[in-house]
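> This one is structure-v5.tsv, TSV, C-alpha atoms.
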chain	number	residue	atom	x	y	z
R	1	MET	CA	111.27	111.84	118.76
R	2	ASP	CA	109.89	111.03	122.22
R	3	TYR	CA	108.71	107.54	123.00
R	4	PHE	CA	106.18	106.74	125.70
R	5	ASN	CA	105.69	103.39	127.40
R	6	PHE	CA	101.96	102.78	127.69
R	7	PRO	CA	100.79	100.02	130.03
R	8	VAL	CA	99.98	96.79	128.20
R	9	LYS	CA	96.26	96.10	128.27
R	10	PRO	CA	94.74	92.61	128.43
R	11	LYS	CA	93.89	91.15	125.03
R	12	GLU	CA	90.19	91.00	125.91
R	13	HIS	CA	90.19	94.76	126.59
R	14	THR	CA	91.92	95.47	123.28
R	15	ILE	CA	89.34	93.41	121.40
R	16	LEU	CA	86.46	95.31	123.03
R	17	GLU	CA	88.09	98.66	122.22
R	18	LEU	CA	88.66	97.73	118.58
R	19	ARG	CA	85.09	96.52	118.22
R	20	GLU	CA	83.81	99.80	119.67
R	21	PHE	CA	86.04	101.88	117.38
R	22	SER	CA	84.88	99.80	114.40
R	23	ARG	CA	81.21	100.40	115.27
R	24	LYS	CA	81.86	104.14	115.55
R	25	LEU	CA	83.58	104.17	112.17
R	26	VAL	CA	80.64	102.37	110.58
R	27	ARG	CA	78.20	104.86	112.08
R	28	GLU	CA	80.20	108.04	111.41
R	29	LEU	CA	81.05	107.09	107.82
R	30	GLY	CA	77.37	106.51	107.13
R	31	PHE	CA	77.23	102.77	106.49
R	32	MET	CA	74.09	102.41	108.63
R	33	ARG	CA	72.13	104.85	106.48
R	34	PRO	CA	69.87	103.70	103.62
R	35	SER	CA	72.11	105.55	101.14
R	36	LEU	CA	75.78	106.47	101.23
R	37	ALA	CA	77.80	109.53	100.19
R	38	ASP	CA	74.73	111.50	98.98
R	39	SER	CA	74.42	108.99	96.13
R	40	ASP	CA	70.90	107.56	96.71
R	41	LEU	CA	72.58	104.13	96.62
R	42	ALA	CA	72.99	101.55	99.36
R	43	PRO	CA	76.53	101.18	100.81
R	44	SER	CA	77.19	97.91	98.93
R	45	ALA	CA	76.22	99.55	95.62
R	46	VAL	CA	78.49	102.52	96.32
R	47	HIS	CA	81.38	100.13	96.99
R	48	ALA	CA	80.63	98.29	93.75
R	49	ILE	CA	80.81	101.61	91.85
R	50	ILE	CA	84.15	102.42	93.50
R	51	GLU	CA	85.70	99.01	92.77
R	52	ILE	CA	84.54	98.90	89.14
R	53	GLY	CA	85.96	102.41	88.68
R	54	LEU	CA	89.29	101.37	90.21
R	55	VAL	CA	89.54	98.25	88.05
R	56	PRO	CA	87.76	98.85	84.71
R	57	GLY	CA	86.89	95.49	83.16
R	58	ILE	CA	86.77	93.63	86.48
R	59	GLN	CA	84.91	90.35	86.20
R	60	ALA	CA	81.79	89.84	88.30
R	61	ARG	CA	83.28	86.90	90.23
R	62	ASN	CA	86.28	89.02	91.22
R	63	LEU	CA	83.98	91.88	92.21
R	64	ALA	CA	82.13	89.44	94.48
R	65	SER	CA	85.43	88.47	96.12
R	66	VAL	CA	86.44	92.09	96.72
R	67	LEU	CA	83.04	93.04	98.14
R	68	ARG	CA	82.81	89.84	100.23
R	69	LEU	CA	79.42	89.06	98.64
R	70	ASP	CA	78.18	85.80	97.17
R	71	LYS	CA	77.62	85.47	93.42
R	72	SER	CA	73.82	85.83	93.55
R	73	ASN	CA	73.97	89.06	95.58
R	74	THR	CA	76.66	90.44	93.29
R	75	SER	CA	74.59	89.57	90.21
R	76	ARG	CA	71.56	91.38	91.65
R	77	GLN	CA	73.71	94.37	92.53
R	78	VAL	CA	75.22	94.57	89.06
R	79	ALA	CA	71.80	94.15	87.40
R	80	LYS	CA	70.42	97.05	89.46
R	81	LEU	CA	73.36	99.27	88.53
R	82	GLU	CA	72.86	98.36	84.87
R	83	THR	CA	69.18	99.28	85.08
R	84	LEU	CA	70.16	102.66	86.55
R	85	GLY	CA	72.53	103.22	83.62
R	86	LEU	CA	75.62	103.28	85.84
R	87	VAL	CA	77.34	100.06	84.72
R	88	SER	CA	77.76	98.23	81.42
R	89	ARG	CA	79.05	94.72	80.76
R	90	GLU	CA	80.93	93.05	77.93
R	91	SER	CA	81.64	89.39	77.26
R	92	ALA	CA	84.99	88.21	78.60
R	93	ASP	CA	85.08	84.85	76.81
R	94	ASP	CA	83.83	83.11	73.68
R	95	ASP	CA	80.90	81.32	75.31
R	96	GLY	CA	79.49	84.48	76.85
R	97	ARG	CA	79.34	83.09	80.39
R	98	SER	CA	81.83	85.55	81.87
R	99	PHE	CA	81.51	89.34	81.75
R	100	ARG	CA	83.71	92.34	82.36
R	101	LEU	CA	82.18	95.37	84.04
R	102	HIS	CA	82.71	99.05	83.23
R	103	LEU	CA	81.24	102.31	84.48
R	104	THR	CA	79.14	104.23	82.00
R	105	GLU	CA	79.65	107.97	81.60
R	106	THR	CA	76.89	108.51	84.16
R	107	GLY	CA	78.50	105.96	86.48
R	108	GLN	CA	81.86	107.69	86.18
R	109	LYS	CA	80.30	111.04	87.10
R	110	LEU	CA	78.67	109.44	90.14
R	111	ARG	CA	81.97	107.87	91.17
R	112	GLU	CA	83.64	111.30	90.99
R	113	LYS	CA	80.87	112.71	93.20
R	114	ILE	CA	81.38	109.88	95.71
R	115	ASP	CA	85.15	110.47	95.67
R	116	ARG	CA	84.68	114.18	96.40
R	117	PHE	CA	82.30	113.40	99.27
R	118	ALA	CA	84.69	110.85	100.81
R	119	THR	CA	87.73	113.09	100.35
R	120	ASP	CA	86.00	116.00	102.08
R	121	GLN	CA	84.87	113.75	104.91
R	122	VAL	CA	88.38	112.41	105.57
R	123	SER	CA	90.07	115.77	105.01
R	124	ASN	CA	87.84	117.52	107.54
R	125	ALA	CA	88.58	114.84	110.14
R	126	LEU	CA	92.36	114.92	109.53
R	127	ARG	CA	92.46	118.67	110.18
R	128	GLN	CA	91.94	117.81	113.84
R	129	LEU	CA	95.12	115.69	113.95
R	130	THR	CA	98.79	116.65	113.79
R	131	SER	CA	100.96	115.37	110.93
R	132	ALA	CA	102.59	112.84	113.25
R	133	GLU	CA	99.18	111.63	114.44
R	134	GLN	CA	98.02	111.28	110.84
R	135	GLN	CA	100.99	109.07	109.95
R	136	THR	CA	100.47	106.95	113.06
R	137	LEU	CA	96.81	106.55	112.11
R	138	ILE	CA	97.64	105.43	108.56
R	139	ARG	CA	100.25	102.97	109.73
R	140	SER	CA	97.95	101.47	112.38
R	141	LEU	CA	94.94	101.20	110.05
R	142	ALA	CA	97.11	99.55	107.38
R	143	LEU	CA	98.27	96.90	109.84
R	144	TYR	CA	94.75	96.31	111.16
R	145	THR	CA	93.06	96.04	107.76
R	146	ASP	CA	95.83	93.79	106.43
R	147	ALA	CA	95.42	91.49	109.43
R	148	LEU	CA	91.65	91.34	108.83
R	149	THR	CA	92.23	90.66	105.15
R	150	GLN	CA	94.62	87.81	105.81
R	151	ASN	CA	92.24	86.27	108.32
R	152	ASN	CA	89.29	86.45	105.94
R	153	ALA	CA	91.39	85.14	103.05
R	154	GLY	CA	92.25	82.08	105.09
R	155	LYS	CA	88.54	81.30	105.51
R	156	ALA	CA	87.53	81.93	101.90
R	157	GLN	CA	87.29	79.19	99.31
R	158	ARG	CA	88.75	79.96	95.90
R	159	PRO	CA	86.16	78.96	93.29
R	160	GLU	CA	88.63	77.91	90.63
R	161	GLY	CA	91.18	75.97	92.61
R	162	SER	CA	94.19	77.04	94.60
R	163	ALA	CA	96.51	79.87	93.61
R	164	ASP	CA	99.29	77.37	92.87
R	165	GLN	CA	97.30	75.91	89.98
R	166	GLN	CA	97.26	79.31	88.29
R	167	ILE	CA	100.84	80.36	89.01
R	168	LEU	CA	103.22	79.82	86.10
R	169	GLN	CA	106.98	80.23	86.13
R	170	GLY	CA	108.80	81.95	83.28
R	171	TYR	CA	107.83	84.24	80.42
R	172	GLN	CA	104.34	83.91	78.94
R	173	PRO	CA	103.21	85.79	75.80
R	174	GLY	CA	101.53	89.04	76.77
R	175	CYS	CA	102.82	89.10	80.33
R	176	ILE	CA	105.09	92.13	79.81
R	177	GLY	CA	102.22	94.34	78.73
R	178	ASP	CA	99.97	93.01	81.50
R	179	ILE	CA	102.58	93.60	84.23
R	180	ALA	CA	103.44	97.08	82.94
R	181	SER	CA	99.73	97.91	82.90
R	182	LEU	CA	99.24	96.70	86.48
R	183	HIS	CA	102.17	98.86	87.64
R	184	ALA	CA	101.03	101.90	85.66
R	185	ARG	CA	97.48	101.86	87.05
R	186	TYR	CA	98.50	101.19	90.65
R	187	TYR	CA	101.37	103.68	90.90
R	188	SER	CA	99.45	106.35	89.03
R	189	ARG	CA	96.96	106.33	91.90
R	190	ALA	CA	99.51	105.77	94.69
R	191	SER	CA	102.34	108.06	93.59
R	192	GLY	CA	101.20	110.04	90.55
R	193	PHE	CA	103.53	108.23	88.13
R	194	GLY	CA	102.93	108.52	84.39
R	195	VAL	CA	104.27	107.39	81.03
R	196	PHE	CA	107.93	107.64	82.09
R	197	PHE	CA	107.38	105.02	84.79
R	198	GLU	CA	105.27	102.69	82.63
R	199	ARG	CA	107.83	102.77	79.80
R	200	ARG	CA	110.68	102.04	82.19
R	201	VAL	CA	108.85	99.06	83.72
R	202	ALA	CA	108.06	97.61	80.29
R	203	THR	CA	111.59	98.18	78.93
R	204	GLU	CA	113.47	96.72	81.91
R	205	LEU	CA	111.05	93.80	82.26
R	206	ALA	CA	111.40	92.94	78.57
R	207	GLU	CA	115.19	92.93	78.89
R	208	PHE	CA	114.93	90.71	81.96
R	209	ALA	CA	112.49	88.27	80.31
R	210	GLN	CA	114.75	87.92	77.28
R	211	ALA	CA	117.47	86.51	79.57
R	212	LEU	CA	115.18	83.71	80.82
R	213	PRO	CA	115.59	80.90	81.58
R	214	ALA	CA	118.61	81.43	83.80
R	215	LYS	CA	119.62	79.71	87.03
R	216	ASN	CA	120.00	83.03	88.91
R	217	LYS	CA	116.79	84.63	87.59
R	218	ALA	CA	113.12	83.67	87.88
R	219	LEU	CA	109.69	85.08	87.08
R	220	TRP	CA	106.35	83.89	88.49
R	221	LEU	CA	102.98	84.88	87.06
R	222	TYR	CA	99.46	84.48	88.38
R	223	VAL	CA	97.31	83.94	85.28
R	224	GLU	CA	93.54	83.86	84.79
R	225	ASN	CA	92.02	83.29	81.34
R	226	GLY	CA	95.37	83.96	79.70
R	227	LYS	CA	95.82	87.33	81.41
R	228	THR	CA	98.56	88.02	83.96
R	229	LEU	CA	97.01	89.42	87.15
R	230	GLY	CA	100.02	89.08	89.44
R	231	SER	CA	103.79	88.83	89.17
R	232	ILE	CA	107.07	88.68	91.06
R	233	ALA	CA	110.65	88.29	89.84
R	234	ILE	CA	114.07	87.51	91.29
R	235	ASP	CA	117.13	88.97	89.60
R	236	GLY	CA	120.13	87.42	91.33
R	237	ASP	CA	123.87	88.03	91.16
R	238	GLU	CA	125.86	84.84	91.78
R	239	THR	CA	129.10	86.78	92.29
R	240	THR	CA	127.83	88.84	95.21
R	241	GLY	CA	125.27	86.32	96.48
R	242	ILE	CA	122.62	89.07	96.49
R	243	ALA	CA	119.20	88.87	94.82
R	244	HIS	CA	116.95	91.74	93.74
R	245	LEU	CA	113.20	91.25	94.16
R	246	ARG	CA	111.40	93.07	91.33
R	247	TRP	CA	107.99	93.63	89.70
R	248	PHE	CA	105.95	92.34	92.61
R	249	ILE	CA	102.33	93.33	92.05
R	250	VAL	CA	98.83	91.85	92.21
R	251	ASP	CA	95.67	93.09	90.52
R	252	ASP	CA	93.32	95.04	92.78
R	253	ALA	CA	90.60	92.45	92.18
R	254	LEU	CA	92.74	89.84	93.99
R	255	ARG	CA	93.21	91.81	97.19
R	256	GLY	CA	92.77	89.51	100.17
R	257	SER	CA	92.96	86.33	98.08
R	258	GLY	CA	96.38	85.27	99.35
R	259	VAL	CA	97.87	85.34	95.83
R	260	GLY	CA	100.43	88.03	96.70
R	261	ARG	CA	101.62	86.18	99.80
R	262	ARG	CA	101.95	82.95	97.81
R	263	LEU	CA	103.97	84.65	95.05
R	264	LEU	CA	106.30	86.13	97.67
R	265	SER	CA	106.66	82.74	99.35
R	266	LEU	CA	107.70	81.08	96.07
R	267	ALA	CA	110.26	83.82	95.43
R	268	MET	CA	111.73	83.48	98.92
R	269	ASP	CA	112.03	79.71	98.58
R	270	PHE	CA	113.98	80.30	95.36
R	271	VAL	CA	116.44	82.81	96.85
R	272	ASP	CA	117.01	80.95	100.12
R	273	ASP	CA	118.47	78.04	98.18
R	274	ARG	CA	120.79	80.23	96.10
R	275	PHE	CA	121.55	83.63	97.66
R	276	ASP	CA	122.64	85.11	100.97
R	277	GLU	CA	120.56	88.28	100.82
R	278	THR	CA	117.53	89.69	99.03
R	279	TYR	CA	116.63	93.36	98.66
R	280	LEU	CA	113.82	95.37	97.12
R	281	TRP	CA	112.96	99.01	96.51
R	282	THR	CA	109.56	100.47	97.28
R	283	PHE	CA	108.03	103.82	98.20
R	284	LYS	CA	107.13	105.31	101.56
R	285	GLY	CA	103.44	105.24	102.37
R	286	LEU	CA	102.58	101.80	100.93
R	287	ASP	CA	102.00	100.45	104.43
R	288	ALA	CA	100.07	97.28	103.57
R	289	ALA	CA	102.90	96.19	101.27
R	290	ARG	CA	105.46	97.08	103.92
R	291	HIS	CA	103.65	94.88	106.44
R	292	LEU	CA	103.76	91.95	103.99
R	293	TYR	CA	107.50	92.43	103.43
R	294	GLU	CA	108.25	92.67	107.14
R	295	SER	CA	106.18	89.57	107.88
R	296	SER	CA	108.47	87.72	105.43
R	297	GLY	CA	111.66	88.85	107.16
R	298	PHE	CA	112.51	92.08	105.30
R	299	LYS	CA	113.79	95.08	107.26
R	300	LEU	CA	114.04	98.73	106.25
R	301	THR	CA	117.72	99.51	105.60
R	302	ASP	CA	117.70	102.78	103.65
R	303	GLU	CA	115.38	105.69	102.89
R	304	ALA	CA	115.94	108.71	100.67
R	305	GLU	CA	114.08	111.10	98.40
R	306	GLY	CA	114.48	110.35	94.70
R	307	SER	CA	113.06	111.38	91.33
R	308	GLN	CA	114.32	108.65	89.02
R	309	TRP	CA	110.73	107.49	88.32
R	310	GLY	CA	109.57	110.80	86.89
R	311	THR	CA	108.02	112.06	90.16
R	312	THR	CA	109.72	112.90	93.44
R	313	VAL	CA	108.99	110.26	96.08
R	314	VAL	CA	110.65	108.83	99.19
R	315	GLU	CA	112.26	105.55	98.15
R	316	GLN	CA	112.80	102.78	100.69
R	317	ARG	CA	115.18	99.83	100.51
R	318	PHE	CA	114.28	96.64	102.38
R	319	SER	CA	116.69	93.74	102.88
R	320	ARG	CA	116.33	90.15	104.05
R	321	SER	CA	119.07	87.72	105.04
R	322	SER	CA	118.71	84.10	103.98
R	323	ASP	CA	120.98	83.09	106.88
R	324	ASN	CA	118.23	83.98	109.34
R	325	VAL	CA	115.89	81.57	107.56
R	326	ARG	CA	118.41	78.76	107.18
R	327	GLY	CA	119.55	79.09	110.79
Write out the structure in this file as structure tokens.

Amino acid sequence: MDYFNFPVKPKEHTILELREFSRKLVRELGFMRPSLADSDLAPSAVHAIIEIGLVPGIQARNLASVLRLDKSNTSRQVAKLETLGLVSRESADDDGRSFRLHLTETGQKLREKIDRFATDQVSNALRQLTSAEQQTLIRSLALYTDALTQNNAGKAQRPEGSADQQILQGYQPGCIGDIASLHARYYSRASGFGVFFERRVATELAEFAQALPAKNKALWLYVENGKTLGSIAIDGDETTGIAHLRWFIVDDALRGSGVGRRLLSLAMDFVDDRFDETYLWTFKGLDAARHLYESSGFKLTDEAEGSQWGTTVVEQRFSRSSDNVRG
């Protein structure tokens, strides 16, 4: 592969270029139009349809966080979608003050139409780029959007207290099913995994949880209303001094909240006191996750095609030395 040294531009110039590219994206993708994706709905309503479809049962307050809207605007948006017969709600607690949102059959059909429109739009644009240019684009956009997300998360106020108040350590009843479900839904979309993968996650996690508590193992859970919405585990070997980071995942509704970064920070604090090295396995193409790992000191050490999860994917091994942190 050839590498080119481009002249470094002043930061002010880079900012102006990114702002111009962002404006062009907004215009070309249609966000300035009164309706989006041939749906007869405003852009914010289309995004609400997409997010509810991605996370069936999402609560309205979490939808507001994902869409970066306040509660009153989100309530009006949801009410409009209900009136149009696109969204239904069900009570999420005994007092009826919290609701979970689902797409109706009509809403699901509209979401499929929006998906086809967006897929065609992106596909037609990508035909004008080489494969190498496409991968560079994905990597760069992942870094840029993750940086924006982290910046916005730092400014946001969490309505129900800090993440630490809702993070529990150790096994909690129901967490195995919740974590397996989070993995199954996410990796079904990302990598096409099915029942083989979900069963393996549930089986291995149950075996791990049964060994807790243990001084070389730990499990952290982010819990809301008794439901696990995020997790991370450390499975350490005292003989080798090496720890395995496992089952790190956060519900889609918590994207940009800082919960994932906090879970990873707790896990790293645990291993740095006990182990010399930490490693994890992930899959090529999950660039936002890769950026989070690398920002915490992990480096790519191995990459190979594998099919042990029921579907052929490119597996990646990342490692992190505790010595670099201690030193």
> Pick the closest to R:Glu198 from R:Lys217, R:Gly310, R:Tyr222, R:Arg116: which is it, counting only C-alpha atoms?
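Distance minimum relative to R:Glu198 lands on R:Gly310.
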> Of the candidates R:Leu69, R:Leu129, R:Ile114, R:Leu280, which one gets nearest to R:Glu315 if we count all atoms listed in the file?
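Of R:Leu69, R:Leu129, R:Ile114, R:Leu280, the one nearest R:Glu315 is R:Leu280, counting all atoms listed in the file.
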> What is the atom CA of R:Leu182 to atom CA of R:Ser231 distance in Å?
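Distance reported for this atom pair: 9.5 Å.
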> When you count all atoms listed in the file, which of these residues is closest to R:His102: R:Gln169, R:Gln59, R:Ser191, R:Thr311?
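Checking each of R:Gln169, R:Gln59, R:Ser191, R:Thr311 against R:His102, counting all atoms listed in the file, the winner is R:Gln59.
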> Do a neighbour search on R:Leu229 at 7 Å with all atoms listed in the file, toss out local chain neighbours closer than 6 positions, and write the hits as a PyMOL selection string.
chain R and resi 222-223+250-251
> Mind checking which residues fall within 12 Å of R:Ala304, counting all atoms listed in the file, ignoring those fewer than 3 positions away in the same chain, and posting them as a PyMOL selection string?
chain R and resi 281-284+300-301+307-308+312-317
> Go ahead and write the residues just picked, C-alpha atoms, as a PDB file, keeping the file's coordinate frame.

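Result file again-v3.pdb:
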ATOM      1  CA  TRP R 281     112.960  99.010  96.510  1.00  0.00           C
ATOM      2  CA  THR R 282     109.560 100.470  97.280  1.00  0.00           C
ATOM      3  CA  PHE R 283     108.030 103.820  98.200  1.00  0.00           C
ATOM      4  CA  LYS R 284     107.130 105.310 101.560  1.00  0.00           C
ATOM      5  CA  LEU R 300     114.040  98.730 106.250  1.00  0.00           C
ATOM      6  CA  THR R 301     117.720  99.510 105.600  1.00  0.00           C
ATOM      7  CA  SER R 307     113.060 111.380  91.330  1.00  0.00           C
ATOM      8  CA  GLN R 308     114.320 108.650  89.020  1.00  0.00           C
ATOM      9  CA  THR R 312     109.720 112.900  93.440  1.00  0.00           C
ATOM     10  CA  VAL R 313     108.990 110.260  96.080  1.00  0.00           C
ATOM     11  CA  VAL R 314     110.650 108.830  99.190  1.00  0.00           C
ATOM     12  CA  GLU R 315     112.260 105.550  98.150  1.00  0.00           C
ATOM     13  CA  GLN R 316     112.800 102.780 100.690  1.00  0.00           C
ATOM     14  CA  ARG R 317     115.180  99.830 100.510  1.00  0.00           C
TER      15      ARG R 317
END
> Go through R:Met268, R:Asp302, R:Val87, R:Thr145 and flag the residue nearest R:Ala289, using all atoms listed in the file for the distances.
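Checking each of R:Met268, R:Asp302, R:Val87, R:Thr145 against R:Ala289, counting all atoms listed in the file, the winner is R:Thr145.
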> What is the distance between atom CA of R:His183 and atom CA of R:Phe248, in Å to one decimal?
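Atom CA of R:Phe248 lies at a distance of 9.0 Å from atom CA of R:His183.
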> Please list as JSON, numbers by chain every residue within 10 Å of R:Phe270, counting only C-alpha atoms and excluding residues in the same chain fewer than 4 positions away.
{"R": [216, 217, 218, 234, 264, 265, 266, 274, 275]}
> What is the distance between atom CA of R:Gly241 and atom CA of R:Thr278, in Å to one decimal?
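Between these atoms lies a distance of 8.8 Å.
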